[in-house]
>>> print(open('target22.cif').read())   # mmCIF, C-alpha atoms
data_data
loop_
_atom_site.label_atom_id
_atom_site.label_comp_id
_atom_site.auth_asym_id
_atom_site.auth_seq_id
_atom_site.Cartn_x
_atom_site.Cartn_y
_atom_site.Cartn_z
CA MET A 1 0.00 0.00 0.00
CA LEU A 2 1.39 3.41 0.87
CA LEU A 3 4.56 4.53 2.49
CA ARG A 4 3.01 7.49 4.32
CA ALA A 5 5.96 9.84 4.32
CA ARG A 6 4.80 12.70 6.51
CA THR A 7 8.39 13.79 6.58
CA PHE A 8 7.61 16.48 4.07
CA ALA A 9 4.91 19.00 3.31
CA ASP A 10 3.90 17.53 -0.04
CA CYS A 11 3.29 14.06 1.32
CA CYS A 12 0.11 14.37 3.29
CA ARG A 13 -2.37 13.27 0.66
CA PRO A 14 -5.43 11.09 1.25
CA ARG A 15 -4.77 7.39 1.08
CA VAL A 16 -6.22 5.77 -2.03
CA LEU A 17 -8.03 2.47 -1.51
CA GLY A 18 -6.31 0.02 -3.82
CA LEU A 19 -7.26 -3.51 -4.77
CA LEU A 20 -7.29 -5.73 -1.70
CA VAL A 21 -5.97 -9.20 -2.22
CA SER A 22 -7.66 -12.07 -0.42
CA LEU A 23 -4.88 -14.60 -0.45
CA VAL A 24 -6.94 -17.32 1.14
CA ALA A 25 -8.77 -17.67 -2.15
CA VAL A 26 -5.81 -17.13 -4.47
CA GLY A 27 -3.49 -19.91 -5.59
CA PHE A 28 -1.15 -21.02 -8.33
CA GLY A 29 -1.96 -24.70 -7.88
CA ALA A 30 -0.59 -27.49 -5.76
CA GLY A 31 3.04 -26.68 -6.48
CA ALA A 32 2.89 -23.18 -5.03
CA GLY A 33 0.92 -24.32 -2.01
CA ALA A 34 3.34 -27.12 -1.27
CA ARG A 35 6.42 -24.90 -1.53
CA ALA A 36 4.83 -22.42 0.86
CA ALA A 37 4.26 -25.25 3.35
CA VAL A 38 0.65 -24.16 3.72
CA GLY A 39 -1.61 -26.85 5.06
CA ALA A 40 -5.25 -27.21 5.96
CA GLY A 41 -6.79 -25.14 8.69
CA HIS A 42 -6.81 -21.46 7.73
CA GLY A 43 -3.50 -21.43 5.90
CA GLN A 44 -1.28 -22.60 8.71
CA VAL A 45 2.45 -22.73 7.98
CA ARG A 46 4.42 -25.58 9.45
CA SER A 47 7.00 -24.44 11.96
CA THR A 48 10.64 -25.43 11.70
CA ALA A 49 13.70 -24.58 13.77
CA ALA A 50 15.74 -21.65 12.49
CA ALA A 51 19.01 -19.94 13.30
CA ALA A 52 19.23 -16.31 14.39
CA VAL A 53 18.39 -13.92 11.58
CA PRO A 54 21.23 -11.84 10.12
CA GLN A 55 21.85 -8.28 11.26
CA GLY A 56 19.49 -5.89 9.50
CA PHE A 57 16.72 -8.45 8.97
CA VAL A 58 14.28 -6.75 11.39
CA GLY A 59 12.95 -3.37 10.36
CA VAL A 60 10.16 -0.85 10.75
CA ASP A 61 8.83 1.86 8.49
CA ALA A 62 9.18 5.35 9.91
CA ASP A 63 6.78 8.11 8.91
CA GLY A 64 3.70 9.94 10.18
CA PRO A 65 4.16 11.84 13.44
CA LEU A 66 7.86 10.99 13.64
CA PHE A 67 8.60 13.74 11.11
CA GLY A 68 5.69 16.17 11.15
CA PRO A 69 6.90 19.79 11.50
CA ASP A 70 4.56 20.40 14.45
CA SER A 71 4.86 16.94 15.99
CA PRO A 72 5.73 16.69 19.69
CA VAL A 73 7.64 13.46 19.00
CA ASP A 74 11.43 13.49 19.15
CA PHE A 75 12.80 11.20 16.44
CA ALA A 76 16.16 10.54 18.13
CA SER A 77 14.41 9.41 21.31
CA GLN A 78 12.20 7.10 19.31
CA VAL A 79 15.26 5.56 17.65
CA THR A 80 16.66 4.79 21.10
CA THR A 81 13.39 3.01 21.93
CA MET A 82 13.53 1.15 18.62
CA VAL A 83 16.90 -0.34 19.55
CA ALA A 84 15.58 -1.69 22.84
CA ASP A 85 12.65 -3.22 20.98
CA GLY A 86 14.87 -5.08 18.50
CA VAL A 87 14.71 -2.83 15.43
CA GLN A 88 17.79 -3.17 13.22
CA SER A 89 16.78 -1.18 10.14
CA VAL A 90 14.48 1.74 9.31
CA ARG A 91 12.79 2.41 5.99
CA ALA A 92 11.94 6.06 5.39
CA ALA A 93 10.89 8.25 2.49
CA PHE A 94 13.57 10.60 1.18
CA SER A 95 11.39 13.17 -0.57
CA TRP A 96 12.95 14.65 -3.66
CA SER A 97 10.18 17.25 -3.79
CA ALA A 98 10.92 18.54 -0.29
CA ALA A 99 14.70 18.42 -0.66
CA GLU A 100 14.82 20.16 -4.05
CA PRO A 101 11.73 22.38 -4.38
CA TYR A 102 13.61 24.88 -6.56
CA GLN A 103 15.15 24.06 -9.92
CA SER A 104 17.92 26.66 -9.64
CA TRP A 105 19.47 29.06 -7.18
CA ALA A 106 17.76 31.93 -8.95
CA ASP A 107 14.43 30.52 -7.77
CA VAL A 108 15.37 30.26 -4.08
CA PRO A 109 13.98 33.11 -1.92
CA ALA A 110 16.72 35.04 -0.18
CA SER A 111 15.23 34.18 3.22
CA GLN A 112 15.66 30.46 2.51
CA MET A 113 19.16 30.43 1.04
CA SER A 114 20.80 29.16 4.23
CA GLN A 115 18.66 25.99 4.21
CA PHE A 116 20.23 24.68 1.01
CA SER A 117 23.53 23.09 0.05
CA ASN A 118 25.12 23.70 -3.32
CA VAL A 119 25.44 20.33 -5.05
CA ASP A 120 26.88 20.78 -8.53
CA GLY A 121 24.99 24.02 -8.84
CA GLN A 122 21.69 22.62 -7.53
CA PRO A 123 20.10 23.82 -4.25
CA ILE A 124 19.33 20.81 -2.05
CA ASP A 125 17.97 20.83 1.49
CA PHE A 126 19.42 17.89 3.45
CA SER A 127 18.06 18.94 6.86
CA VAL A 128 15.44 16.21 7.31
CA THR A 129 17.49 13.40 5.79
CA ASP A 130 20.48 14.52 7.89
CA MET A 131 18.30 14.17 10.99
CA ILE A 132 17.23 10.65 10.00
CA VAL A 133 20.76 9.50 9.18
CA ALA A 134 22.33 11.06 12.29
CA ALA A 135 19.86 9.51 14.73
CA THR A 136 20.00 6.04 13.18
CA ALA A 137 23.77 5.98 12.72
CA ARG A 138 24.32 6.82 16.38
CA ARG A 139 22.33 3.70 17.27
CA ARG A 140 23.79 1.55 14.45
CA ILE A 141 20.42 1.18 12.76
CA SER A 142 20.71 0.90 8.99
CA VAL A 143 18.49 2.98 6.71
CA LEU A 144 16.66 2.01 3.54
CA PRO A 145 15.63 5.25 1.81
CA THR A 146 12.66 5.15 -0.55
CA VAL A 147 13.39 7.98 -2.96
CA LEU A 148 10.20 9.43 -4.39
CA TYR A 149 7.92 12.49 -4.92
CA ALA A 150 8.70 14.64 -7.94
CA PRO A 151 9.06 18.40 -7.39
CA SER A 152 6.68 20.64 -9.29
CA TRP A 153 9.40 21.77 -11.71
CA ASP A 154 9.90 18.20 -12.99
CA ALA A 155 6.50 16.63 -12.45
CA LEU A 156 4.04 14.81 -14.64
CA THR A 157 0.55 15.27 -13.30
CA ASN A 158 -1.01 12.08 -11.99
CA PRO A 159 -4.78 12.63 -11.65
CA ASN A 160 -4.97 9.68 -9.26
CA GLY A 161 -2.27 10.68 -6.81
CA VAL A 162 1.47 11.29 -6.67
CA ALA A 163 3.19 13.19 -9.48
CA THR A 164 5.94 11.26 -11.27
CA PRO A 165 9.12 12.62 -12.88
CA LYS A 166 8.77 14.32 -16.24
CA ARG A 167 12.42 13.57 -17.01
CA ASN A 168 14.67 10.87 -15.61
CA GLY A 169 17.85 12.93 -15.40
CA PRO A 170 16.92 15.20 -12.47
CA TYR A 171 15.75 12.26 -10.36
CA ALA A 172 19.02 10.46 -11.10
CA ALA A 173 20.92 13.61 -10.16
CA TYR A 174 19.14 13.71 -6.79
CA LEU A 175 20.13 10.09 -6.17
CA THR A 176 23.72 11.02 -7.02
CA ALA A 177 23.54 13.88 -4.53
CA LEU A 178 22.17 11.58 -1.81
CA ILE A 179 25.01 9.11 -2.32
CA GLY A 180 27.47 12.00 -2.29
CA ARG A 181 26.00 12.96 1.06
CA TYR A 182 25.41 9.58 2.77
CA GLY A 183 27.44 7.04 0.77
CA PRO A 184 30.84 5.63 1.76
CA ASN A 185 32.65 8.87 0.90
CA GLY A 186 29.74 11.13 1.78
CA SER A 187 30.09 14.71 2.90
CA PHE A 188 27.80 14.01 5.87
CA TRP A 189 30.41 11.75 7.46
CA ILE A 190 33.20 14.24 6.81
CA GLU A 191 31.21 17.08 8.36
CA ASN A 192 30.13 14.98 11.37
CA PRO A 193 33.17 13.03 12.58
CA GLY A 194 31.54 12.44 15.96
CA ILE A 195 28.75 10.35 14.43
CA PRO A 196 29.63 6.68 13.81
CA LYS A 197 30.00 6.18 10.08
CA LEU A 198 27.22 3.96 8.74
CA PRO A 199 26.97 4.64 5.00
CA ILE A 200 23.74 3.96 3.16
CA ARG A 201 24.38 1.21 0.62
CA SER A 202 20.83 0.38 -0.58
CA TRP A 203 18.46 2.74 -2.40
CA GLN A 204 14.83 2.00 -3.18
CA ILE A 205 13.55 3.49 -6.42
CA TRP A 206 10.01 4.78 -5.83
CA ASN A 207 7.14 2.99 -4.08
CA GLU A 208 4.28 0.86 -5.37
CA PRO A 209 4.53 1.87 -9.04
CA ASN A 210 1.98 -0.79 -9.97
CA ILE A 211 -0.91 1.12 -8.40
CA ALA A 212 -2.44 4.28 -9.84
CA TYR A 213 -1.79 6.42 -6.77
CA TYR A 214 1.97 6.19 -7.30
CA TRP A 215 2.23 5.85 -11.08
CA SER A 216 -0.08 6.33 -14.04
CA GLN A 217 -1.06 2.92 -15.40
CA PRO A 218 0.11 0.91 -17.26
CA PHE A 219 3.30 1.49 -15.36
CA ALA A 220 6.01 -0.90 -16.54
CA ALA A 221 7.60 0.95 -19.46
CA GLY A 222 7.70 4.32 -17.73
CA TYR A 223 8.86 2.98 -14.41
CA VAL A 224 11.61 0.84 -15.94
CA SER A 225 12.82 3.91 -17.83
CA LEU A 226 13.24 5.71 -14.49
CA LEU A 227 14.79 2.59 -12.97
CA ARG A 228 17.34 2.45 -15.77
CA ALA A 229 18.47 6.02 -15.12
CA ALA A 230 18.49 5.45 -11.36
CA HIS A 231 20.52 2.24 -11.64
CA ALA A 232 23.15 4.00 -13.75
CA ALA A 233 23.38 6.87 -11.29
CA VAL A 234 23.66 4.64 -8.21
CA LYS A 235 26.31 2.36 -9.69
CA ARG A 236 28.31 5.30 -10.97
CA ALA A 237 28.30 7.04 -7.59
CA ASP A 238 28.82 3.88 -5.49
CA PRO A 239 29.54 0.70 -7.48
CA GLY A 240 28.98 -1.42 -4.37
CA ALA A 241 25.54 0.00 -3.59
CA GLN A 242 22.37 -2.00 -4.20
CA VAL A 243 19.35 -0.85 -6.16
CA VAL A 244 16.06 -1.93 -4.59
CA LEU A 245 13.02 -2.22 -6.83
CA GLY A 246 10.10 0.01 -5.90
CA ALA A 247 7.87 -2.14 -3.70
CA LEU A 248 5.10 -3.86 -5.63
CA THR A 249 1.76 -4.50 -3.95
CA ASN A 250 -1.64 -6.09 -4.54
CA LEU A 251 -1.00 -8.69 -7.29
CA ALA A 252 2.72 -8.12 -6.99
CA TRP A 253 3.65 -11.43 -8.62
CA LYS A 254 1.84 -10.34 -11.80
CA ALA A 255 3.33 -6.84 -11.71
CA ILE A 256 6.87 -8.22 -11.54
CA GLY A 257 6.14 -10.11 -14.74
CA GLN A 258 5.25 -6.83 -16.45
CA ILE A 259 8.59 -5.42 -15.36
CA TYR A 260 10.56 -8.46 -16.52
CA ARG A 261 8.95 -8.24 -19.96
CA VAL A 262 10.61 -4.85 -20.52
CA ARG A 263 13.91 -5.59 -22.26
CA GLY A 264 16.87 -5.46 -19.86
CA ALA A 265 14.79 -4.74 -16.76
CA ARG A 266 16.08 -7.72 -14.81
CA GLU A 267 19.59 -6.24 -14.79
CA LEU A 268 18.43 -2.91 -13.35
CA PHE A 269 17.79 -3.91 -9.74
CA ASP A 270 19.63 -6.00 -7.16
CA ILE A 271 16.77 -6.64 -4.73
CA ALA A 272 13.04 -7.07 -5.34
CA ALA A 273 10.52 -5.68 -2.85
CA VAL A 274 6.85 -6.14 -1.99
CA ASN A 275 4.30 -4.55 0.31
CA GLY A 276 2.05 -7.48 1.16
CA PHE A 277 -1.08 -7.20 3.29
CA THR A 278 -3.23 -10.21 4.16
CA LEU A 279 -5.95 -11.10 6.63
CA GLU A 280 -4.22 -14.21 7.96
CA PRO A 281 -0.58 -13.98 9.15
CA ALA A 282 0.31 -17.28 7.46
CA ASN A 283 -0.80 -15.86 4.14
CA VAL A 284 1.98 -13.27 4.31
CA ILE A 285 4.26 -16.22 3.66
CA LEU A 286 2.06 -17.38 0.80
CA TYR A 287 2.14 -13.87 -0.65
CA LEU A 288 5.94 -13.86 -0.53
CA ARG A 289 5.99 -17.36 -2.03
CA PHE A 290 3.94 -16.22 -5.00
CA MET A 291 6.43 -13.42 -5.56
CA ARG A 292 9.39 -15.79 -5.19
CA ASP A 293 7.86 -18.24 -7.67
CA ALA A 294 7.28 -15.48 -10.20
CA MET A 295 10.89 -14.31 -9.89
CA ASP A 296 12.11 -17.88 -10.30
CA ARG A 297 10.04 -18.39 -13.43
CA PHE A 298 11.65 -15.35 -15.00
CA GLY A 299 15.14 -16.62 -14.26
CA ASP A 300 15.79 -14.48 -11.18
CA ARG A 301 16.08 -17.32 -8.70
CA ARG A 302 19.14 -15.92 -6.93
CA LYS A 303 17.88 -12.36 -6.50
CA PRO A 304 16.92 -11.55 -2.88
CA LEU A 305 13.53 -10.31 -1.75
CA LEU A 306 12.51 -7.68 0.82
CA ALA A 307 9.11 -7.36 2.48
CA THR A 308 9.08 -3.58 2.88
CA GLU A 309 5.60 -3.29 4.39
CA ILE A 310 3.72 -5.85 6.50
CA SER A 311 0.88 -4.59 8.65
CA TRP A 312 -2.43 -4.99 10.45
CA PRO A 313 -4.13 -1.68 11.30
CA SER A 314 -5.94 -1.69 14.64
CA ALA A 315 -8.69 0.37 13.00
CA LYS A 316 -11.84 -1.62 13.75
CA GLY A 317 -14.44 0.74 15.15
CA GLN A 318 -12.05 3.68 14.82
CA THR A 319 -12.54 4.97 11.29
CA SER A 320 -14.94 4.89 8.36
CA SER A 321 -12.28 3.64 5.93
CA HIS A 322 -11.75 -0.12 6.04
CA TYR A 323 -9.50 -2.89 4.77
CA ASP A 324 -10.30 -6.56 5.00
CA PHE A 325 -7.25 -7.04 7.23
CA ASP A 326 -8.22 -4.37 9.79
CA THR A 327 -8.39 -5.64 13.34
CA THR A 328 -8.44 -4.56 16.97
CA GLU A 329 -5.41 -3.68 19.10
CA ALA A 330 -5.47 -7.18 20.58
CA GLY A 331 -5.84 -8.73 17.13
CA GLN A 332 -2.95 -6.64 15.81
CA ALA A 333 -0.72 -7.96 18.57
CA ARG A 334 -1.80 -11.57 17.88
CA ASP A 335 -1.14 -11.22 14.15
CA ILE A 336 2.32 -9.76 14.71
CA ALA A 337 3.18 -12.52 17.18
CA ALA A 338 2.05 -15.12 14.64
CA VAL A 339 3.86 -13.78 11.58
CA LEU A 340 7.31 -13.09 13.05
CA PRO A 341 8.46 -16.68 13.63
CA LEU A 342 7.15 -17.63 10.18
CA LEU A 343 9.29 -14.95 8.55
CA GLY A 344 12.35 -16.32 10.33
CA GLU A 345 11.56 -19.95 9.53
CA GLN A 346 10.78 -19.40 5.86
CA ARG A 347 13.37 -16.72 5.04
CA THR A 348 15.92 -19.04 3.43
CA SER A 349 13.49 -20.77 1.08
CA LEU A 350 11.97 -17.40 0.15
CA GLY A 351 15.30 -15.68 -0.39
CA LEU A 352 14.01 -13.11 2.11
CA ILE A 353 16.73 -10.80 3.42
CA GLY A 354 14.55 -8.64 5.64
CA PHE A 355 11.14 -7.23 6.51
CA TYR A 356 9.74 -3.90 7.69
CA TYR A 357 6.66 -3.66 9.86
CA TYR A 358 4.42 -0.78 8.83
CA THR A 359 4.66 1.37 10.89
CA TRP A 360 6.50 2.41 14.05
CA MET A 361 4.03 5.12 15.08
CA GLY A 362 0.70 6.31 13.69
CA GLU A 363 -1.29 9.45 14.39
CA GLU A 364 -4.54 7.89 15.58
CA SER A 365 -6.92 10.81 15.31
CA PRO A 366 -10.65 9.98 15.43
CA GLY A 367 -12.11 9.44 11.98
CA THR A 368 -8.77 9.34 10.19
CA GLN A 369 -7.87 6.66 7.65
CA ALA A 370 -7.30 3.06 8.65
CA PHE A 371 -3.56 2.91 8.10
CA ASN A 372 -3.00 5.63 10.68
CA PHE A 373 -3.80 2.87 13.18
CA SER A 374 -1.02 0.59 11.94
CA GLY A 375 1.60 1.71 14.42
CA LEU A 376 3.23 -0.24 17.20
CA LEU A 377 2.72 3.05 19.02
CA GLY A 378 0.01 5.63 18.58
CA LEU A 379 -0.14 9.39 18.96
CA HIS A 380 -3.32 10.71 20.57
CA ASN A 381 -3.77 14.44 21.14
CA GLY A 382 -0.01 14.92 21.28
CA LYS A 383 0.58 12.01 23.67
CA VAL A 384 2.37 8.82 22.67
CA THR A 385 0.63 5.62 23.70
CA VAL A 386 2.18 2.15 23.71
CA LYS A 387 -0.04 -0.48 22.10
CA PRO A 388 -0.08 -4.24 22.80
CA ALA A 389 1.50 -4.65 19.36
CA LEU A 390 4.82 -3.30 20.61
CA ALA A 391 5.24 -6.00 23.25
CA ALA A 392 4.34 -8.66 20.68
CA PHE A 393 6.83 -7.20 18.21
CA ARG A 394 9.61 -6.95 20.81
CA SER A 395 9.15 -10.51 22.00
CA GLY A 396 8.99 -11.88 18.49
CA VAL A 397 11.97 -10.07 17.02
CA LEU A 398 14.22 -10.68 20.02
CA ALA A 399 13.45 -14.36 19.54
CA LEU A 400 14.41 -14.05 15.88
CA GLU A 401 17.65 -12.33 16.86
CA ARG A 402 18.24 -14.85 19.70
CA CYS A 403 18.60 -11.95 22.13
CA LYS A 404 17.50 -11.79 25.74
CA ARG A 405 17.75 -8.04 25.45
CA LYS A 406 19.52 -5.41 23.37
CA GLY A 407 22.30 -3.07 24.38
CA ALA A 408 22.70 0.61 23.54
CA VAL A 409 22.98 0.02 19.80
CA ALA A 410 21.15 -2.19 17.32
CA THR A 411 24.18 -4.41 16.74
CA SER A 412 24.47 -5.34 20.43
CA CYS A 413 22.73 -8.38 21.84
CA ILE A 414 22.71 -10.12 25.19
CA PRO A 415 22.19 -13.72 24.02
CA SER A 416 18.98 -15.35 25.15
CA ARG A 417 20.94 -18.27 26.60
CA SER A 418 23.33 -16.05 28.53
CA ARG A 419 23.44 -16.48 32.32
CA ARG A 420 24.17 -12.82 32.83
#
>>> encode(input="target22.cif", output="structure tokens")
Amino acid sequence: MLLRARTFADCCRPRVLGLLVSLVAVGFGAGAGARAAVGAGHGQVRSTAAAAVPQGFVGVDADGPLFGPDSPVDFASQVTTMVADGVQSVRAAFSWSAAEPYQSWADVPASQMSQFSNVDGQPIDFSVTDMIVAATARRRISVLPTVLYAPSWDALTNPNGVATPKRNGPYAAYLTALIGRYGPNGSFWIENPGIPKLPIRSWQIWNEPNIAYYWSQPFAAGYVSLLRAAHAAVKRADPGAQVVLGALTNLAWKAIGQIYRVRGARELFDIAAVNGFTLEPANVILYLRFMRDAMDRFGDRRKPLLATEISWPSAKGQTSSHYDFDTTEAGQARDIAAVLPLLGEQRTSLGLIGFYYYTWMGEESPGTQAFNFSGLLGLHNGKVTVKPALAAFRSGVLALERCKRKGAVATSCIPSRSRR
């Protein structure tokens, strides 16, 4: 669905209700069902023993009140809490529109000049992304930026939602600037020697291009054109960096086929990504299996997969907008507790290198849209509330990481079998 990036002023648009996939009724035949280890009884997945997940496997999406200009929430403090609760990676929107609202220095009002850095003659505001990178690096949490939102000076109007780039070059140039700021030789690390250096080495190109809100449909040819320019820019700026496909959603396994059918597309991304929402926790695994099978059929068996949004909004009785996977706060906690061990157990067969729960914190105002109730925490009238989902998440991910508890940084772990 959506990565609700309230980091920036242009992001706060109404959520568009997309096609909801009922995976209980969807199947590719006996082969797919068998590989997913789904048996009778509401799509249960057989449990198997698994080793500790690799560092960076456990993530959350960060948006909403974490970045609102008038929010009472302190992001750095929340990152400290994330570490204690087992978070190893954060996915956040890096808004091109907010960072580069002016095409040239001549367009920048004199009162705003100090906000911008000169990057090859272009005015770019790194203030919000600097805040994100500084807070996470201090706690050794990795960042997956989703780079999206076209500024008005390079935007194609999308009557259904988010404007897309009119030209590919300026978007690629912004990616180059981001790598020049946060990559291995980035200016951010030079300017901030007191912050532990944790370069960003993965870059996600847009979000959910297979739905009309994020890209005019049909999407494949236009999106792959942007992906081609982005891939070239990323590899030129940091040859070791990884390009992450914009997360596909709804019938993601069909959408990936549309991408693969564009000549050369398979070579333009290193990691595939999906945002998969289902009523039953076990069907998250089935969703990922369908995506894995589609990638395999197109000869991409070795390419890894990321689940960049998994969620159950606790929106029942709270809002007039509904999804078939909405639940209560207690149901949200149960679903999270059920899905986490399955992700760990099935990760090798799925080629799954990580997941992100959507979202860390939601602004749960009365009558707002359902996904605002997705958070492990909620914000009510300026006050942060801890939901049952957080305890379920913490317990589940610490089990995945084989940690009794975490230390001061995300890479520290007191082993669960330790006598200390």
>>> resolve_selection(input="target22.cif", expression="the PyMOL selection byres ((chain A and resi 68-81) around 9)", output="ChimeraX atom specification")
/A:6-9,63-67,82-87,131-132,134-136,139,141,379,382-384,408-409
>>> atom_distance(input="target22.cif", atom1="CA of Glu309 in chain A", atom2="CA of Ala229 in chain A")
25.2 Å
>>> axis_aligned_box(input="target22.cif", around="range 242-249 of chain A", padding_each_side="6 Å", output="lines of an AutoDock Vina configuration file")
center_x = 12.1
center_y = -2.2
center_z = -5.3
size_x = 32.6
size_y = 16.5
size_z = 15.1
>>> closest_residue(input="target22.cif", among="A:Val224, A:Ala92, A:Leu306, A:Asn192", to="Ala247 in chain A", atoms="only C-alpha atoms")
A:Leu306
>>> atom_distance(input="target22.cif", atom1="CA of Asp154 in chain A", atom2="CA of Arg167 in chain A")
6.6 Å
>>> resolve_selection(input="target22.cif", expression="the PyMOL selection byres ((chain A and resi 347) around 12)", output="number ranges by chain")
A: 36, 48-54, 57-58, 284-285, 288-289, 292, 304-307, 339-346, 348-355, 400
>>> closest_residue(input="target22.cif", among="A:Pro145, A:Gly194, A:Pro209, A:Pro101", to="Leu178 in chain A", atoms="all atoms listed in the file")
A:Pro145
>>> resolve_selection(input="target22.cif", expression="the PyMOL selection byres ((chain A and resi 231) around 9)", output="list in words")
Ala172, Ile205, Leu226, Leu227, Arg228, Ala229, Ala230, Ala232, Ala233, Val234, Lys235, Arg236, Gln242, Val243, Leu268 and Phe269 of chain A
>>> atom_distance(input="target22.cif", atom1="CA of Ser127 in chain A", atom2="CA of Ser95 in chain A")
11.5 Å
>>> closest_residue(input="target22.cif", among="A:Ala155, A:Pro196, A:Trp203, A:Ala106", to="Phe94 in chain A", atoms="all atoms listed in the file")
A:Trp203
>>> closest_residue(input="target22.cif", among="A:Ser89, A:Asn168, A:Ser187, A:Thr146", to="Val119 in chain A", atoms="only C-alpha atoms")
A:Ser187
>>> closest_residue(input="target22.cif", among="A:Lys254, A:Arg201, A:Lys387, A:Arg297", to="Leu175 in chain A", atoms="only C-alpha atoms")
A:Arg201
>>> closest_residue(input="target22.cif", among="A:Leu144, A:Ile179, A:Met113, A:Val386", to="Gln88 in chain A", atoms="only C-alpha atoms")
A:Leu144
>>> residues_around(input="target22.cif", residues="Glu364 in chain A", least_positions_apart="4", cutoff="9 Å", atoms="all atoms listed in the file", output="PyMOL selection string")
chain A and resi 315+318+368-370+372-375+378-381
